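S.K.: This is the content of data16.pdb (PDB, C-alpha atoms, pLDDT in the B column):
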```pdb
MODEL        1
ATOM      1  CA  MET A 283       0.000   0.000   0.000  1.00 61.00           C
ATOM      2  CA  PHE A 284       2.888   2.361   0.769  1.00 72.00           C
ATOM      3  CA  TRP A 285       4.032   2.506  -2.845  1.00 77.00           C
ATOM      4  CA  ILE A 286       0.654   3.143  -4.455  1.00 78.00           C
ATOM      5  CA  ILE A 287       0.674   6.955  -4.066  1.00 81.00           C
ATOM      6  CA  PRO A 288       4.351   7.407  -5.138  1.00 85.00           C
ATOM      7  CA  LEU A 289       3.685   5.142  -8.120  1.00 82.00           C
ATOM      8  CA  VAL A 290       0.604   7.173  -9.060  1.00 78.00           C
ATOM      9  CA  ALA A 291       2.664  10.383  -8.729  1.00 79.00           C
ATOM     10  CA  PHE A 292       5.332   9.014 -11.071  1.00 83.00           C
ATOM     11  CA  LEU A 293       2.831   7.762 -13.644  1.00 80.00           C
ATOM     12  CA  ALA A 294       0.698  10.910 -13.371  1.00 75.00           C
ATOM     13  CA  SER A 295       3.741  13.096 -14.074  1.00 75.00           C
ATOM     14  CA  ILE A 296       4.371  11.146 -17.269  1.00 74.00           C
ATOM     15  CA  LEU A 297       0.670  10.922 -18.114  1.00 71.00           C
ATOM     16  CA  THR A 298       0.352  14.716 -18.142  1.00 66.00           C
ATOM     17  CA  PHE A 299       2.330  14.696 -21.398  1.00 60.00           C
ATOM     18  CA  PHE A 300      -0.390  12.554 -23.000  1.00 58.00           C
ATOM     19  CA  SER A 301      -3.657  13.364 -21.275  1.00 56.00           C
ATOM     20  CA  GLY A 302      -3.711  17.157 -21.204  1.00 53.00           C
ATOM     21  CA  PHE A 303      -4.408  17.021 -17.450  1.00 61.00           C
ATOM     22  CA  GLY A 304      -2.071  18.532 -14.891  1.00 70.00           C
ATOM     23  CA  LEU A 305      -0.215  16.614 -12.198  1.00 75.00           C
ATOM     24  CA  GLY A 306      -2.359  18.185  -9.448  1.00 79.00           C
ATOM     25  CA  THR A 307      -5.641  16.950 -10.907  1.00 77.00           C
ATOM     26  CA  LEU A 308      -4.457  13.384 -11.369  1.00 77.00           C
ATOM     27  CA  LEU A 309      -2.528  13.075  -8.105  1.00 81.00           C
ATOM     28  CA  MET A 310      -5.290  14.588  -5.971  1.00 83.00           C
ATOM     29  CA  ALA A 311      -7.714  12.042  -7.388  1.00 79.00           C
ATOM     30  CA  ALA A 312      -5.438   9.310  -6.026  1.00 78.00           C
ATOM     31  CA  MET A 313      -4.895  11.059  -2.678  1.00 82.00           C
ATOM     32  CA  LEU A 314      -8.646  11.269  -2.077  1.00 83.00           C
ATOM     33  CA  TRP A 315      -8.797   7.478  -1.707  1.00 80.00           C
ATOM     34  CA  TYR A 316      -6.501   7.656   1.331  1.00 81.00           C
ATOM     35  CA  TYR A 317      -6.985  11.078   2.927  1.00 84.00           C
ATOM     36  CA  PRO A 318      -9.823  13.525   3.691  1.00 85.00           C
ATOM     37  CA  PRO A 319     -10.279  16.279   1.082  1.00 88.00           C
ATOM     38  CA  GLU A 320      -8.331  19.004   2.907  1.00 88.00           C
ATOM     39  CA  LEU A 321      -5.288  16.752   3.397  1.00 88.00           C
ATOM     40  CA  ALA A 322      -5.511  15.374  -0.143  1.00 88.00           C
ATOM     41  CA  ILE A 323      -5.364  18.939  -1.479  1.00 91.00           C
ATOM     42  CA  ALA A 324      -2.513  19.915   0.859  1.00 90.00           C
ATOM     43  CA  LEU A 325      -0.404  16.833   0.113  1.00 89.00           C
ATOM     44  CA  THR A 326      -0.907  17.310  -3.608  1.00 89.00           C
ATOM     45  CA  ALA A 327       0.087  20.966  -3.200  1.00 91.00           C
ATOM     46  CA  LEU A 328       3.404  19.999  -1.594  1.00 89.00           C
ATOM     47  CA  VAL A 329       4.234  17.599  -4.412  1.00 86.00           C
ATOM     48  CA  HIS A 330       3.096  20.231  -6.912  1.00 87.00           C
ATOM     49  CA  LEU A 331       5.403  22.775  -5.240  1.00 88.00           C
ATOM     50  CA  LEU A 332       8.424  20.570  -5.864  1.00 84.00           C
ATOM     51  CA  ASN A 333       7.206  19.909  -9.385  1.00 79.00           C
ATOM     52  CA  SER A 334       6.801  23.636 -10.082  1.00 81.00           C
ATOM     53  CA  ALA A 335      10.270  24.359  -8.688  1.00 85.00           C
ATOM     54  CA  VAL A 336      11.878  21.775 -10.978  1.00 80.00           C
ATOM     55  CA  LYS A 337       9.999  23.127 -14.008  1.00 77.00           C
ATOM     56  CA  SER A 338      11.026  26.692 -13.121  1.00 80.00           C
ATOM     57  CA  MET A 339      14.690  25.694 -12.913  1.00 81.00           C
ATOM     58  CA  MET A 340      14.507  23.850 -16.227  1.00 74.00           C
ATOM     59  CA  ASN A 341      12.658  26.668 -18.052  1.00 69.00           C
ATOM     60  CA  ARG A 342      13.952  30.192 -17.532  1.00 73.00           C
ATOM     61  CA  HIS A 343      12.397  32.172 -20.381  1.00 80.00           C
ATOM     62  CA  VAL A 344      10.054  34.098 -18.079  1.00 88.00           C
ATOM     63  CA  GLN A 345       7.927  37.068 -19.107  1.00 89.00           C
ATOM     64  CA  TRP A 346       8.180  39.127 -15.933  1.00 91.00           C
ATOM     65  CA  ARG A 347       5.379  41.547 -16.838  1.00 92.00           C
ATOM     66  CA  ILE A 348       2.937  38.633 -16.708  1.00 92.00           C
ATOM     67  CA  VAL A 349       4.397  37.446 -13.412  1.00 93.00           C
ATOM     68  CA  TRP A 350       3.760  40.835 -11.821  1.00 95.00           C
ATOM     69  CA  LEU A 351       0.310  41.421 -13.314  1.00 94.00           C
ATOM     70  CA  PHE A 352      -0.979  37.840 -13.015  1.00 95.00           C
ATOM     71  CA  GLY A 353       1.336  35.935 -10.694  1.00 94.00           C
ATOM     72  CA  ILE A 354       1.322  38.290  -7.707  1.00 95.00           C
ATOM     73  CA  PRO A 355      -2.521  38.546  -7.576  1.00 96.00           C
ATOM     74  CA  SER A 356      -2.622  34.756  -7.976  1.00 95.00           C
ATOM     75  CA  MET A 357      -0.238  34.317  -5.061  1.00 96.00           C
ATOM     76  CA  ILE A 358      -2.284  36.609  -2.785  1.00 96.00           C
ATOM     77  CA  ALA A 359      -5.598  35.011  -3.787  1.00 96.00           C
ATOM     78  CA  ALA A 360      -4.163  31.521  -3.213  1.00 96.00           C
ATOM     79  CA  PHE A 361      -3.459  32.466   0.395  1.00 96.00           C
ATOM     80  CA  PHE A 362      -7.102  33.393   0.984  1.00 96.00           C
ATOM     81  CA  GLY A 363      -8.381  30.328  -0.870  1.00 95.00           C
ATOM     82  CA  ALA A 364      -6.207  28.141   1.348  1.00 95.00           C
ATOM     83  CA  ARG A 365      -7.466  29.947   4.453  1.00 94.00           C
ATOM     84  CA  LEU A 366     -11.046  29.225   3.424  1.00 94.00           C
ATOM     85  CA  LEU A 367     -10.177  25.547   2.963  1.00 93.00           C
ATOM     86  CA  SER A 368      -8.608  25.523   6.423  1.00 91.00           C
ATOM     87  CA  MET A 369     -11.705  27.124   7.980  1.00 90.00           C
ATOM     88  CA  LEU A 370     -14.040  24.636   6.283  1.00 90.00           C
ATOM     89  CA  SER A 371     -11.941  21.721   7.537  1.00 88.00           C
ATOM     90  CA  GLU A 372     -11.787  23.049  11.120  1.00 84.00           C
ATOM     91  CA  GLN A 373     -15.566  23.423  11.398  1.00 80.00           C
ATOM     92  CA  PRO A 374     -17.085  20.640   9.276  1.00 79.00           C
ATOM     93  CA  VAL A 375     -20.729  21.175   8.389  1.00 82.00           C
ATOM     94  CA  LEU A 376     -22.859  18.115   7.623  1.00 84.00           C
ATOM     95  CA  LEU A 377     -24.760  18.875   4.453  1.00 82.00           C
ATOM     96  CA  TYR A 378     -26.814  15.715   4.049  1.00 79.00           C
ATOM     97  CA  ASP A 379     -26.764  12.036   4.874  1.00 76.00           C
ATOM     98  CA  LEU A 380     -27.533   9.344   2.313  1.00 71.00           C
ATOM     99  CA  THR A 381     -26.274   6.593   4.582  1.00 65.00           C
ATOM    100  CA  TYR A 382     -28.352   3.508   3.894  1.00 63.00           C
ATOM    101  CA  SER A 383     -25.554   0.951   4.115  1.00 60.00           C
ATOM    102  CA  ALA A 384     -22.005   0.422   5.330  1.00 60.00           C
ATOM    103  CA  PHE A 385     -20.727   1.655   1.975  1.00 62.00           C
ATOM    104  CA  THR A 386     -21.775   5.304   2.313  1.00 69.00           C
ATOM    105  CA  ASN A 387     -20.883   8.168   4.665  1.00 75.00           C
ATOM    106  CA  PRO A 388     -22.484  11.472   5.655  1.00 79.00           C
ATOM    107  CA  VAL A 389     -21.489  14.235   3.211  1.00 84.00           C
ATOM    108  CA  SER A 390     -19.937  17.384   4.656  1.00 86.00           C
ATOM    109  CA  PHE A 391     -20.062  20.749   2.910  1.00 89.00           C
ATOM    110  CA  LEU A 392     -16.328  20.517   2.157  1.00 89.00           C
ATOM    111  CA  SER A 393     -16.636  17.038   0.613  1.00 88.00           C
ATOM    112  CA  PHE A 394     -19.587  18.225  -1.456  1.00 90.00           C
ATOM    113  CA  LEU A 395     -17.630  21.287  -2.617  1.00 90.00           C
ATOM    114  CA  ILE A 396     -14.511  19.352  -3.588  1.00 89.00           C
ATOM    115  CA  GLY A 397     -16.568  16.619  -5.262  1.00 89.00           C
ATOM    116  CA  LEU A 398     -18.455  19.237  -7.262  1.00 89.00           C
ATOM    117  CA  PHE A 399     -15.223  20.941  -8.293  1.00 88.00           C
ATOM    118  CA  LEU A 400     -13.793  17.592  -9.405  1.00 85.00           C
ATOM    119  CA  MET A 401     -16.820  17.024 -11.617  1.00 85.00           C
ATOM    120  CA  ILE A 402     -16.702  20.519 -13.102  1.00 84.00           C
ATOM    121  CA  PHE A 403     -12.963  20.740 -13.644  1.00 81.00           C
ATOM    122  CA  SER A 404     -12.623  17.191 -14.969  1.00 77.00           C
ATOM    123  CA  ILE A 405     -14.680  18.349 -17.928  1.00 76.00           C
ATOM    124  CA  ALA A 406     -13.417  21.927 -18.054  1.00 73.00           C
ATOM    125  CA  GLU A 407      -9.703  21.090 -17.870  1.00 65.00           C
ATOM    126  CA  TRP A 408     -10.023  18.940 -20.948  1.00 64.00           C
ATOM    127  CA  GLY A 409     -12.668  21.008 -22.711  1.00 64.00           C
ATOM    128  CA  ILE A 410     -10.866  24.374 -22.487  1.00 63.00           C
ATOM    129  CA  LYS A 411      -7.471  22.984 -23.485  1.00 60.00           C
ATOM    130  CA  GLY A 412      -5.962  25.275 -26.120  1.00 57.00           C
ATOM    131  CA  LYS A 413      -8.652  27.932 -25.667  1.00 62.00           C
ATOM    132  CA  SER A 414      -8.173  31.414 -24.241  1.00 63.00           C
ATOM    133  CA  VAL A 415     -10.197  34.327 -22.919  1.00 69.00           C
ATOM    134  CA  SER A 416      -9.631  38.042 -23.010  1.00 74.00           C
ATOM    135  CA  ALA A 417      -9.766  39.561 -19.533  1.00 78.00           C
ATOM    136  CA  PRO A 418      -7.602  41.781 -17.287  1.00 86.00           C
ATOM    137  CA  LEU A 419      -4.634  39.755 -16.097  1.00 90.00           C
ATOM    138  CA  TRP A 420      -5.170  40.574 -12.443  1.00 91.00           C
ATOM    139  CA  ILE A 421      -8.704  39.145 -12.583  1.00 92.00           C
ATOM    140  CA  GLY A 422      -7.416  35.912 -14.083  1.00 90.00           C
ATOM    141  CA  GLY A 423      -4.729  35.774 -11.402  1.00 93.00           C
ATOM    142  CA  ILE A 424      -7.249  36.184  -8.604  1.00 94.00           C
ATOM    143  CA  ILE A 425      -9.635  33.558  -9.976  1.00 92.00           C
ATOM    144  CA  SER A 426      -7.005  30.901 -10.693  1.00 91.00           C
ATOM    145  CA  GLY A 427      -5.083  31.588  -7.473  1.00 94.00           C
ATOM    146  CA  PHE A 428      -8.141  31.441  -5.246  1.00 95.00           C
ATOM    147  CA  MET A 429      -9.321  28.200  -6.819  1.00 92.00           C
ATOM    148  CA  GLY A 430      -5.819  26.800  -6.467  1.00 91.00           C
ATOM    149  CA  GLY A 431      -5.803  27.552  -2.752  1.00 93.00           C
ATOM    150  CA  LEU A 432      -9.321  26.276  -2.150  1.00 92.00           C
ATOM    151  CA  SER A 433      -9.510  23.163  -4.305  1.00 89.00           C
ATOM    152  CA  GLY A 434      -6.143  22.689  -5.977  1.00 87.00           C
ATOM    153  CA  HIS A 435      -7.557  23.401  -9.443  1.00 83.00           C
ATOM    154  CA  GLN A 436      -5.552  26.167 -11.080  1.00 82.00           C
ATOM    155  CA  GLY A 437      -3.542  25.002 -14.101  1.00 76.00           C
ATOM    156  CA  ALA A 438      -6.356  24.958 -16.641  1.00 75.00           C
ATOM    157  CA  LEU A 439      -7.649  28.359 -15.500  1.00 80.00           C
ATOM    158  CA  ARG A 440      -4.145  29.837 -15.606  1.00 83.00           C
ATOM    159  CA  SER A 441      -3.617  28.625 -19.162  1.00 77.00           C
ATOM    160  CA  LEU A 442      -7.042  29.885 -20.192  1.00 79.00           C
ATOM    161  CA  PHE A 443      -6.138  33.456 -19.214  1.00 84.00           C
ATOM    162  CA  LEU A 444      -2.503  33.461 -20.381  1.00 84.00           C
ATOM    163  CA  LEU A 445      -2.489  31.464 -23.624  1.00 77.00           C
ATOM    164  CA  ARG A 446      -3.300  34.529 -25.701  1.00 79.00           C
ATOM    165  CA  GLU A 447      -0.837  36.735 -23.810  1.00 83.00           C
ATOM    166  CA  ILE A 448       2.243  34.569 -24.426  1.00 79.00           C
ATOM    167  CA  PRO A 449       2.387  33.102 -27.953  1.00 76.00           C
ATOM    168  CA  ASP A 450       5.893  31.654 -27.577  1.00 77.00           C
ATOM    169  CA  VAL A 451       5.686  28.112 -26.173  1.00 72.00           C
ATOM    170  CA  ARG A 452       8.947  28.169 -24.198  1.00 76.00           C
ATOM    171  CA  THR A 453       8.093  31.507 -22.622  1.00 82.00           C
ATOM    172  CA  LEU A 454       4.579  30.297 -21.814  1.00 80.00           C
ATOM    173  CA  VAL A 455       5.862  27.136 -20.098  1.00 77.00           C
ATOM    174  CA  SER A 456       8.471  29.080 -18.107  1.00 82.00           C
ATOM    175  CA  THR A 457       6.049  31.791 -17.025  1.00 87.00           C
ATOM    176  CA  LEU A 458       3.305  29.328 -16.066  1.00 84.00           C
ATOM    177  CA  ALA A 459       5.815  27.306 -14.037  1.00 83.00           C
ATOM    178  CA  LEU A 460       7.014  30.342 -12.074  1.00 90.00           C
ATOM    179  CA  ILE A 461       3.464  31.567 -11.410  1.00 92.00           C
ATOM    180  CA  GLY A 462       2.556  28.043 -10.307  1.00 89.00           C
ATOM    181  CA  LEU A 463       5.529  28.085  -7.931  1.00 91.00           C
ATOM    182  CA  LEU A 464       4.455  31.413  -6.389  1.00 93.00           C
ATOM    183  CA  THR A 465       0.905  30.129  -5.954  1.00 94.00           C
ATOM    184  CA  ASP A 466       2.142  26.885  -4.407  1.00 93.00           C
ATOM    185  CA  VAL A 467       4.344  28.745  -1.912  1.00 94.00           C
ATOM    186  CA  ALA A 468       1.401  30.875  -0.755  1.00 95.00           C
ATOM    187  CA  ARG A 469      -1.084  28.046  -0.305  1.00 94.00           C
ATOM    188  CA  ASN A 470       1.426  25.668   1.282  1.00 93.00           C
ATOM    189  CA  ALA A 471       2.298  28.331   3.853  1.00 92.00           C
ATOM    190  CA  VAL A 472      -1.314  28.092   5.055  1.00 93.00           C
ATOM    191  CA  TYR A 473      -1.670  24.323   4.748  1.00 91.00           C
ATOM    192  CA  LEU A 474       1.483  23.602   6.758  1.00 87.00           C
ATOM    193  CA  ASN A 475       0.231  25.595   9.744  1.00 86.00           C
ATOM    194  CA  ALA A 476      -3.460  24.758   9.672  1.00 77.00           C
ATOM    195  CA  LEU A 477      -4.009  21.109   8.777  1.00 77.00           C
ATOM    196  CA  PRO A 478      -3.640  17.864  10.793  1.00 77.00           C
ATOM    197  CA  TRP A 479      -0.284  16.626   9.523  1.00 77.00           C
ATOM    198  CA  GLU A 480      -0.045  13.985  12.248  1.00 78.00           C
ATOM    199  CA  LYS A 481      -2.226  11.820   9.984  1.00 78.00           C
ATOM    200  CA  VAL A 482       0.353  11.933   7.196  1.00 82.00           C
ATOM    201  CA  ASP A 483       3.151   9.480   6.453  1.00 82.00           C
ATOM    202  CA  VAL A 484       5.968  12.000   5.918  1.00 82.00           C
ATOM    203  CA  PHE A 485       8.349   9.472   4.386  1.00 87.00           C
ATOM    204  CA  GLN A 486       5.693   8.430   1.894  1.00 84.00           C
ATOM    205  CA  LEU A 487       5.154  12.088   1.029  1.00 84.00           C
ATOM    206  CA  LEU A 488       8.888  12.545   0.436  1.00 86.00           C
ATOM    207  CA  VAL A 489       9.035   9.490  -1.816  1.00 88.00           C
ATOM    208  CA  THR A 490       5.952  10.778  -3.664  1.00 85.00           C
ATOM    209  CA  GLY A 491       7.648  14.120  -4.329  1.00 84.00           C
ATOM    210  CA  ILE A 492      10.749  12.400  -5.670  1.00 87.00           C
ATOM    211  CA  ALA A 493       8.635  10.088  -7.826  1.00 88.00           C
ATOM    212  CA  ALA A 494       6.714  13.022  -9.323  1.00 82.00           C
ATOM    213  CA  THR A 495       9.972  14.835 -10.107  1.00 81.00           C
ATOM    214  CA  LEU A 496      11.408  11.741 -11.792  1.00 86.00           C
ATOM    215  CA  GLY A 497       8.208  11.507 -13.819  1.00 81.00           C
ATOM    216  CA  VAL A 498       8.708  15.077 -15.073  1.00 73.00           C
ATOM    217  CA  LEU A 499      12.310  14.349 -16.054  1.00 77.00           C
ATOM    218  CA  VAL A 500      11.332  11.149 -17.850  1.00 78.00           C
ATOM    219  CA  GLY A 501       8.418  12.831 -19.585  1.00 69.00           C
ATOM    220  CA  THR A 502      10.524  15.820 -20.659  1.00 65.00           C
ATOM    221  CA  ARG A 503      13.350  13.724 -22.116  1.00 68.00           C
ATOM    222  CA  MET A 504      11.661  10.629 -23.490  1.00 60.00           C
ATOM    223  CA  LEU A 505       8.098  11.478 -24.453  1.00 52.00           C
ATOM    224  CA  LYS A 506       6.647  13.629 -27.146  1.00 54.00           C
ATOM    225  CA  LYS A 507       3.734  15.818 -26.125  1.00 53.00           C
ATOM    226  CA  VAL A 508       0.754  14.320 -27.862  1.00 51.00           C
ATOM    227  CA  SER A 509      -2.974  14.290 -27.350  1.00 52.00           C
ATOM    228  CA  ILE A 510      -4.785  10.968 -27.130  1.00 55.00           C
ATOM    229  CA  GLN A 511      -8.508  11.634 -27.246  1.00 63.00           C
ATOM    230  CA  PHE A 512      -9.572   8.259 -25.870  1.00 61.00           C
ATOM    231  CA  LEU A 513      -7.229   8.606 -22.889  1.00 61.00           C
ATOM    232  CA  GLN A 514      -8.476  12.138 -22.232  1.00 65.00           C
ATOM    233  CA  ARG A 515     -12.073  10.958 -22.189  1.00 71.00           C
ATOM    234  CA  LEU A 516     -11.258   7.988 -19.985  1.00 69.00           C
ATOM    235  CA  ILE A 517      -9.547  10.160 -17.375  1.00 69.00           C
ATOM    236  CA  THR A 518     -12.331  12.744 -17.565  1.00 74.00           C
ATOM    237  CA  LEU A 519     -14.935  10.049 -16.843  1.00 76.00           C
ATOM    238  CA  GLY A 520     -12.833   8.636 -14.002  1.00 74.00           C
ATOM    239  CA  ILE A 521     -12.392  11.964 -12.229  1.00 79.00           C
ATOM    240  CA  PHE A 522     -16.032  12.880 -12.823  1.00 82.00           C
ATOM    241  CA  ALA A 523     -17.047   9.553 -11.251  1.00 81.00           C
ATOM    242  CA  LEU A 524     -14.756  10.250  -8.309  1.00 78.00           C
ATOM    243  CA  GLY A 525     -16.436  13.618  -7.742  1.00 83.00           C
ATOM    244  CA  SER A 526     -19.854  12.001  -8.020  1.00 85.00           C
ATOM    245  CA  SER A 527     -18.927   9.365  -5.441  1.00 81.00           C
ATOM    246  CA  MET A 528     -17.963  12.136  -3.003  1.00 81.00           C
ATOM    247  CA  LEU A 529     -21.367  13.760  -3.460  1.00 83.00           C
ATOM    248  CA  LEU A 530     -23.031  10.402  -2.758  1.00 78.00           C
ATOM    249  CA  GLY A 531     -20.948   9.733   0.341  1.00 76.00           C
ATOM    250  CA  LEU A 532     -19.081   6.785  -1.150  1.00 73.00           C
ATOM    251  CA  LEU A 533     -15.754   8.401  -0.220  1.00 66.00           C
TER     252      LEU A 533
ENDMDL
END
```
Would you write the structure of this file as structure tokens?
M.R.:
Amino acid sequence: MFWIIPLVAFLASILTFFSGFGLGTLLMAAMLWYYPPELAIALTALVHLLNSAVKSMMNRHVQWRIVWLFGIPSMIAAFFGARLLSMLSEQPVLLYDLTYSAFTNPVSFLSFLIGLFLMIFSIAEWGIKGKSVSAPLWIGGIISGFMGGLSGHQGALRSLFLLREIPDVRTLVSTLALIGLLTDVARNAVYLNALPWEKVDVFQLLVTGIAATLGVLVGTRMLKKVSIQFLQRLITLGIFALGSSMLLGLL
């Protein structure tokens, strides 16, 4: 059982090159089978922090104007999104109870919220791939940062707002990686102080971070970025089903 999450982290890092989904989306889906939503988000955020740091070191063609106009608001908003997650986890509110057997649990407001976000973003992260919107950068930074802090979903929103602003691929990757790093630093600062880390296997978390980093290195050097429609749909259905099961109290 110990190696399941590190293995998922390694495979998810490679799978991002094929599926169009980010590491955070795939890894959090695995974490939710072992941890409550707030810890699943926080643990994924720590692994994502290391992942963002490695990407930032490997890609240094940063457009600093975008970092200031988008990244700084994203960083600030991520702090408040993480604080809201912390507050919801400290004072759980039972939303409804569909418990008719040993296979279901009462559904808290936080579980409902995260399950709903999983369902929405599983479709949106695939559906908006390659698309962009025209909006003030600071608004995009606030929206993506806040959602990153609250639910861990930020990559697809960040790309949606910045794809049109940075046409060069290398510059886009570098800038997104640095903004992701800033956002991760802000939300992890809250998570580390506010959540029940005594429930976490720290060594497993360390191995997971290393595995995710190795996955990035393998994916960068050995795999060509391609889009496999069947795989995208399969993952979308899986994550949507995971969100649905949270709403039904199955997780």
S.K.: For Glu447 (chain A), which residue among A:Ile348, A:Ile405, A:Leu297, A:Met310 is the nearest when counting all atoms listed in the file?
M.R.: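 Counting all atoms listed in the file, the residue closest to Glu447 (chain A) is A:Ile348.
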S.K.: Can you list, as JSON, numbers by chain, the residues that the PyMOL selection byres ((chain A and resi 351-364) around 6) selects here?
M.R.: {"A": [348, 349, 350, 365, 366, 367, 419, 420, 423, 424, 427, 428, 430, 431, 432, 461, 464, 465, 468, 469]}
S.K.: Write out the residues from the selection above, keeping C-alpha atoms, as a JSON list (two decimals), keeping the file's coordinate frame.
M.R.:
```json
[["chain", "number", "residue", "atom", "x", "y", "z"],
["A", 348, "ILE", "CA", 2.94, 38.63, -16.71],
["A", 349, "VAL", "CA", 4.40, 37.45, -13.41],
["A", 350, "TRP", "CA", 3.76, 40.84, -11.82],
["A", 365, "ARG", "CA", -7.47, 29.95, 4.45],
["A", 366, "LEU", "CA", -11.05, 29.22, 3.42],
["A", 367, "LEU", "CA", -10.18, 25.55, 2.96],
["A", 419, "LEU", "CA", -4.63, 39.76, -16.10],
["A", 420, "TRP", "CA", -5.17, 40.57, -12.44],
["A", 423, "GLY", "CA", -4.73, 35.77, -11.40],
["A", 424, "ILE", "CA", -7.25, 36.18, -8.60],
["A", 427, "GLY", "CA", -5.08, 31.59, -7.47],
["A", 428, "PHE", "CA", -8.14, 31.44, -5.25],
["A", 430, "GLY", "CA", -5.82, 26.80, -6.47],
["A", 431, "GLY", "CA", -5.80, 27.55, -2.75],
["A", 432, "LEU", "CA", -9.32, 26.28, -2.15],
["A", 461, "ILE", "CA", 3.46, 31.57, -11.41],
["A", 464, "LEU", "CA", 4.46, 31.41, -6.39],
["A", 465, "THR", "CA", 0.90, 30.13, -5.95],
["A", 468, "ALA", "CA", 1.40, 30.88, -0.76],
["A", 469, "ARG", "CA", -1.08, 28.05, -0.30]]
```
S.K.: Please provide the set of residues having any atom within 10 Å of His343 (chain A), restricted to all atoms listed in the file, with same-chain residues fewer than 4 positions apart removed, written as a PyMOL selection string.
M.R.: chain A and resi 338+450-457
S.K.: Nearest to Ala335 (chain A) among A:Gly462, A:Gly520, A:Pro449, A:Gly497, with distances taken over only C-alpha atoms: which residue is it?
M.R.: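 Checking each candidate against Ala335 (chain A), we get A:Gly462 as the closest.
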S.K.: Output as a tab-separated table one row per residue of region 319-357 of chain A within 12 Å of region 388-397 of chain A: the closest atom pair and its distance in Å to one decimal place, counting all atoms listed in the file, sorted by chain and residue number ascending.
M.R.:
```
residue	atom	partner	partner_atom	distance
A:Pro319	CA	A:Ser393	CA	6.4
A:Glu320	CA	A:Leu392	CA	8.2
A:Leu321	CA	A:Ser393	CA	11.7
A:Ala322	CA	A:Ile396	CA	10.4
A:Ile323	CA	A:Ile396	CA	9.4
```
S.K.: Apply the PyMOL selection byres ((chain A and resi 439) around 8) to the structure shown and report the selected residues as a list in words.
M.R.: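 Output of the PyMOL selection byres ((chain A and resi 439) around 8): Glu407, Gly422, Ile425, Ser426, His435, Gln436, Gly437, Ala438, Arg440, Ser441, Leu442 and Phe443 of chain A.
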S.K.: Quick one, how far is CA of Phe403 (chain A) from CA of Asp466 (chain A)?
M.R.: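 Between CA of Phe403 (chain A) and CA of Asp466 (chain A) the gap works out to 18.7 Å.
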S.K.: To one decimal place in Å, what is the distance between CA of Val375 (chain A) and CA of Ala523 (chain A)?
M.R.: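 Value for the CA of Val375 (chain A)-CA of Ala523 (chain A) distance: 23.1 Å.
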S.K.: In terms of the shortest atom-to-atom distance over only C-alpha atoms, which of A:Ser334, A:Ser416, A:Asn387, A:Ser527 is closest to Ser295 (chain A)?
M.R.: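 The answer is A:Ser334, which sits nearest to Ser295 (chain A).
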S.K.: For a cutoff of 9 Å around the file-coordinate point (4.7, 4.0, -0.6), which residues qualify once you count all atoms listed in the file? I'd like the result as a list in words.
M.R.: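 It turns out the residues near that spot are Met283, Phe284, Trp285, Ile286, Ile287, Pro288, Leu289, Phe485, Gln486, Leu487, Val489 and Thr490 of chain A.
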S.K.: Store the residues of this selection in a file with C-alpha atoms, as a PDB file, in the coordinates of the input.
M.R.:
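As written to disk, out_30.pdb reads:
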```pdb
ATOM      1  CA  MET A 283       0.000   0.000   0.000  1.00 61.00           C
ATOM      2  CA  PHE A 284       2.888   2.361   0.769  1.00 72.00           C
ATOM      3  CA  TRP A 285       4.032   2.506  -2.845  1.00 77.00           C
ATOM      4  CA  ILE A 286       0.654   3.143  -4.455  1.00 78.00           C
ATOM      5  CA  ILE A 287       0.674   6.955  -4.066  1.00 81.00           C
ATOM      6  CA  PRO A 288       4.351   7.407  -5.138  1.00 85.00           C
ATOM      7  CA  LEU A 289       3.685   5.142  -8.120  1.00 82.00           C
ATOM      8  CA  PHE A 485       8.349   9.472   4.386  1.00 87.00           C
ATOM      9  CA  GLN A 486       5.693   8.430   1.894  1.00 84.00           C
ATOM     10  CA  LEU A 487       5.154  12.088   1.029  1.00 84.00           C
ATOM     11  CA  VAL A 489       9.035   9.490  -1.816  1.00 88.00           C
ATOM     12  CA  THR A 490       5.952  10.778  -3.664  1.00 85.00           C
TER      13      THR A 490
END
```
S.K.: Just the number, please: distance in Å from CA of Thr307 (chain A) to CA of Thr326 (chain A), one decimal.
M.R.: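 Taking CA of Thr307 (chain A) and CA of Thr326 (chain A), their separation equals 8.7 Å.
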S.K.: Here is a test: counting only C-alpha atoms, which residue of A:Pro318, A:Glu480, A:Ser433, A:Leu460 is nearest to Ile402 (chain A)?
M.R.: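 That would be A:Ser433, the residue with the smallest distance to Ile402 (chain A).
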S.K.: Draw an axis-aligned box over all listed atoms of region 472-488 of chain A, pad each side with 4 Å, and write its centre and edge lengths in Å, one decimal, as AutoDock Vina command-line options.
M.R.:
```
--center_x 2.4 --center_y 18.3 --center_z 6.3 --size_x 20.9 --size_y 27.7 --size_z 19.8
```
S.K.: If you count only C-alpha atoms, which residues fall within 7 Å of region 327-331 of chain A, apart from same-chain ones fewer than 5 positions away, as a compact mmCIF listing (two decimals) with C-alpha atoms, in the coordinates of the input?
M.R.:
```txt
# COMPACT_ATOMS: atom_id res chain seq x y z
CA GLY A 306 -2.36 18.18 -9.45
CA LEU A 463 5.53 28.08 -7.93
CA ASP A 466 2.14 26.88 -4.41
CA VAL A 467 4.34 28.74 -1.91
CA ASN A 470 1.43 25.67 1.28
CA GLY A 491 7.65 14.12 -4.33
```
S.K.: Only C-alpha atoms, as a compact mmCIF listing (two decimals), in the first residue's frame: that is what I want for region 443-452 of chain A.
M.R.:
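The file below, out_20.txt, is the result:
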```txt
# COMPACT_ATOMS: atom_id res chain seq x y z
CA PHE A 443 -6.14 33.46 -19.21
CA LEU A 444 -2.50 33.46 -20.38
CA LEU A 445 -2.49 31.46 -23.62
CA ARG A 446 -3.30 34.53 -25.70
CA GLU A 447 -0.84 36.74 -23.81
CA ILE A 448 2.24 34.57 -24.43
CA PRO A 449 2.39 33.10 -27.95
CA ASP A 450 5.89 31.65 -27.58
CA VAL A 451 5.69 28.11 -26.17
CA ARG A 452 8.95 28.17 -24.20
```
